[in-house]
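First comes the structure, then the notes that go with it.
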Amino acid sequence: MVAVVQWLKDLWQALLQTAIDCRRIWRMAPWIPLLVVVPEFIQHCVEINIGMFASRDAARALGADPQRLLFGYVKVAGLVAATLAAAGFWARHQGGKVLWRAAAIAVALNVAATGVMAGLEFAVPDWTSLDIALSIATLPLLVLLVGALFGDRAMTLPQAYRSGWLIAVRLLVLVAAGWIPLSQLHRFNHLWAMGQAQPLVWGLMVFDALVVGLMACWVGTAVYRGYGPTRAE
């Protein structure tokens, strides 16, 4: 019971520190959120120019516009880059170095696990239950990868399966604590813009681009802080 209470306290502290660090990163390394803010805003410019926010019907009709999709791919790449840059920024700030060989092995294991799960999806009739079980069983592989990216030589595969379960849960909780509300705000920004006057649409889309930048900073910081109080301090 004492251990559970302490784990929850550590989780709460990590959540608070994630929020603080997420704010700090905009001041210390503004180029990180800009990796996704800029392409996100460019995509919004395209969406406004093609009339996507005229109505919900227009949004559905123009959702697959080639120009919009092109910048959408760039935006997704920017989101991934900003998230990794945020995590790497805090790791370097604390003196961590990427263990490239260990990271490559961890990536290979994660890819292999994903491939096995994808193959079983077609081979097993009652896939849902097995999918949940395998997703849980492979959580330590995520911890193994994060440990390699943050330079933790002690996080070997056996160690990941011994101590990685709670780390994985903490990672997922911290990421979800910011990602879920921010992604909902991102969604509602688009809904609120439908059929509005142009100045309001532009204002909402500027705000929305910043929200997406915050999402990337949150996830990267949460992954770092979620890896554990001892590693992140």
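Identifiers in this document derive from the order of the structure tokens: chains are assigned A, B, ..., residues are numbered from 1 separately in each chain, and ligands are numbered from 1 in order of occurrence.
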Mind running range 125-215 of chain A against range 91-106 of chain A at 8 Å and telling me each contacting residue's nearest atom pair with the distance in Å (one decimal), counting only C-alpha atoms, chain and number ascending, as CSV?
```
residue,atom,partner,partner_atom,distance
A:Leu141,CA,A:Ala106,CA,6.7
A:Leu142,CA,A:Ala106,CA,7.8
A:Leu144,CA,A:Ala106,CA,6.1
A:Leu145,CA,A:Ala106,CA,4.9
A:Ala148,CA,A:Ala103,CA,5.0
A:Leu149,CA,A:Val98,CA,4.6
A:Phe150,CA,A:Gly96,CA,5.6
A:Gly151,CA,A:Lys97,CA,4.8
A:Asp152,CA,A:Leu99,CA,7.8
A:Arg153,CA,A:Leu99,CA,7.7
```
Let's have the selection written as a PDB file, in the first residue's frame, with N, CA and C atoms.
```pdb
ATOM      1  N   LEU A 141       8.932  -3.159 -24.071  1.00  0.00           N
ATOM      2  CA  LEU A 141       9.764  -2.862 -25.246  1.00  0.00           C
ATOM      3  C   LEU A 141       9.788  -1.359 -25.517  1.00  0.00           C
ATOM      4  N   LEU A 142       8.682  -0.683 -25.224  1.00  0.00           N
ATOM      5  CA  LEU A 142       8.643   0.777 -25.351  1.00  0.00           C
ATOM      6  C   LEU A 142       9.592   1.414 -24.344  1.00  0.00           C
ATOM      7  N   LEU A 144      12.215   0.014 -23.076  1.00  0.00           N
ATOM      8  CA  LEU A 144      13.574  -0.288 -23.544  1.00  0.00           C
ATOM      9  C   LEU A 144      14.038   0.752 -24.553  1.00  0.00           C
ATOM     10  N   LEU A 145      13.172   1.120 -25.476  1.00  0.00           N
ATOM     11  CA  LEU A 145      13.514   2.111 -26.492  1.00  0.00           C
ATOM     12  C   LEU A 145      13.738   3.484 -25.865  1.00  0.00           C
ATOM     13  N   ALA A 148      17.051   3.674 -24.082  1.00  0.00           N
ATOM     14  CA  ALA A 148      18.185   3.814 -25.003  1.00  0.00           C
ATOM     15  C   ALA A 148      18.293   5.247 -25.522  1.00  0.00           C
ATOM     16  N   LEU A 149      17.168   5.851 -25.825  1.00  0.00           N
ATOM     17  CA  LEU A 149      17.172   7.223 -26.325  1.00  0.00           C
ATOM     18  C   LEU A 149      17.659   8.207 -25.262  1.00  0.00           C
ATOM     19  N   PHE A 150      17.439   7.858 -23.989  1.00  0.00           N
ATOM     20  CA  PHE A 150      17.860   8.741 -22.909  1.00  0.00           C
ATOM     21  C   PHE A 150      19.198   8.344 -22.297  1.00  0.00           C
ATOM     22  N   GLY A 151      19.865   7.359 -22.892  1.00  0.00           N
ATOM     23  CA  GLY A 151      21.207   7.011 -22.446  1.00  0.00           C
ATOM     24  C   GLY A 151      21.280   6.198 -21.177  1.00  0.00           C
ATOM     25  N   ASP A 152      20.244   5.450 -20.866  1.00  0.00           N
ATOM     26  CA  ASP A 152      20.227   4.630 -19.651  1.00  0.00           C
ATOM     27  C   ASP A 152      20.776   3.238 -19.964  1.00  0.00           C
ATOM     28  N   ARG A 153      22.050   3.027 -19.652  1.00  0.00           N
ATOM     29  CA  ARG A 153      22.693   1.745 -19.938  1.00  0.00           C
ATOM     30  C   ARG A 153      22.145   0.613 -19.069  1.00  0.00           C
TER      31      ARG A 153
END
```
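In this model, the gap between CA of Val80 in chain A and CA of Lys9 in chain A comes to 29.8 Å.
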Which residues are near Gln67 in chain A? Cut-off 9 Å, only C-alpha atoms, ignore same chain within fewer than 3 positions. Put them as a tab-separated table (two decimals) with all heavy atoms, in the first residue's frame.
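Contents of part_25.tsv, as written:
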```
chain	number	residue	atom	x	y	z
A	43	GLN	N	-0.71	24.74	-43.39
A	43	GLN	CA	-1.85	23.92	-43.78
A	43	GLN	C	-3.16	24.67	-43.54
A	43	GLN	O	-4.09	24.61	-44.35
A	43	GLN	CB	-1.87	22.59	-43.04
A	43	GLN	CG	-2.97	21.66	-43.54
A	43	GLN	CD	-3.14	20.41	-42.70
A	43	GLN	OE1	-3.03	20.47	-41.49
A	43	GLN	NE2	-3.42	19.29	-43.34
A	46	VAL	N	-3.79	27.06	-46.32
A	46	VAL	CA	-4.34	26.36	-47.49
A	46	VAL	C	-5.82	26.08	-47.28
A	46	VAL	O	-6.65	26.30	-48.18
A	46	VAL	CB	-3.57	25.05	-47.74
A	46	VAL	CG1	-4.26	24.21	-48.82
A	46	VAL	CG2	-2.13	25.35	-48.14
A	47	GLU	N	-6.19	25.59	-46.09
A	47	GLU	CA	-7.57	25.26	-45.80
A	47	GLU	C	-8.49	26.48	-45.90
A	47	GLU	O	-9.60	26.40	-46.43
A	47	GLU	CB	-7.67	24.64	-44.40
A	47	GLU	CG	-7.01	23.27	-44.29
A	47	GLU	CD	-6.88	22.79	-42.87
A	47	GLU	OE1	-6.95	23.63	-41.94
A	47	GLU	OE2	-6.68	21.58	-42.67
A	64	ALA	N	-10.12	15.94	-48.54
A	64	ALA	CA	-9.12	15.16	-49.28
A	64	ALA	C	-8.46	15.98	-50.38
A	64	ALA	O	-7.86	15.41	-51.30
A	64	ALA	CB	-9.78	13.92	-49.89
A	70	LEU	N	-1.00	17.27	-48.79
A	70	LEU	CA	0.45	17.40	-48.89
A	70	LEU	C	1.02	18.08	-47.65
A	70	LEU	O	1.97	17.58	-47.03
A	70	LEU	CB	0.81	18.20	-50.15
A	70	LEU	CG	2.29	18.59	-50.30
A	70	LEU	CD1	3.16	17.34	-50.40
A	70	LEU	CD2	2.49	19.49	-51.51
A	71	PHE	N	0.42	19.21	-47.29
A	71	PHE	CA	0.90	19.91	-46.10
A	71	PHE	C	0.54	19.15	-44.83
A	71	PHE	O	1.19	19.33	-43.80
A	71	PHE	CB	0.35	21.34	-46.07
A	71	PHE	CG	1.01	22.25	-47.07
A	71	PHE	CD1	0.37	22.62	-48.23
A	71	PHE	CD2	2.30	22.71	-46.85
A	71	PHE	CE1	0.98	23.45	-49.16
A	71	PHE	CE2	2.93	23.54	-47.76
A	71	PHE	CZ	2.27	23.92	-48.92
A	72	GLY	N	-0.48	18.29	-44.91
A	72	GLY	CA	-0.81	17.46	-43.76
A	72	GLY	C	0.30	16.47	-43.46
A	72	GLY	O	0.65	16.24	-42.30
```
Which residues come within 7 Å of Thr221 in chain A, counting only C-alpha atoms, excluding same-chain residues fewer than 6 positions away, as a compact mmCIF listing (two decimals) with C-alpha atoms, in the first residue's frame?
```txt
# COMPACT_ATOMS: atom_id res chain seq x y z
CA THR A 18 5.90 18.00 -17.09
CA ASP A 21 8.94 21.96 -18.34
CA CYS A 22 6.47 22.07 -21.20
CA ALA A 86 11.47 17.96 -27.02
CA ALA A 87 12.36 14.63 -25.42
```
Would you work out the distance separating CA of Leu204 in chain A from CA of Leu15 in chain A, expressed in Å to one decimal? 27.6 Å
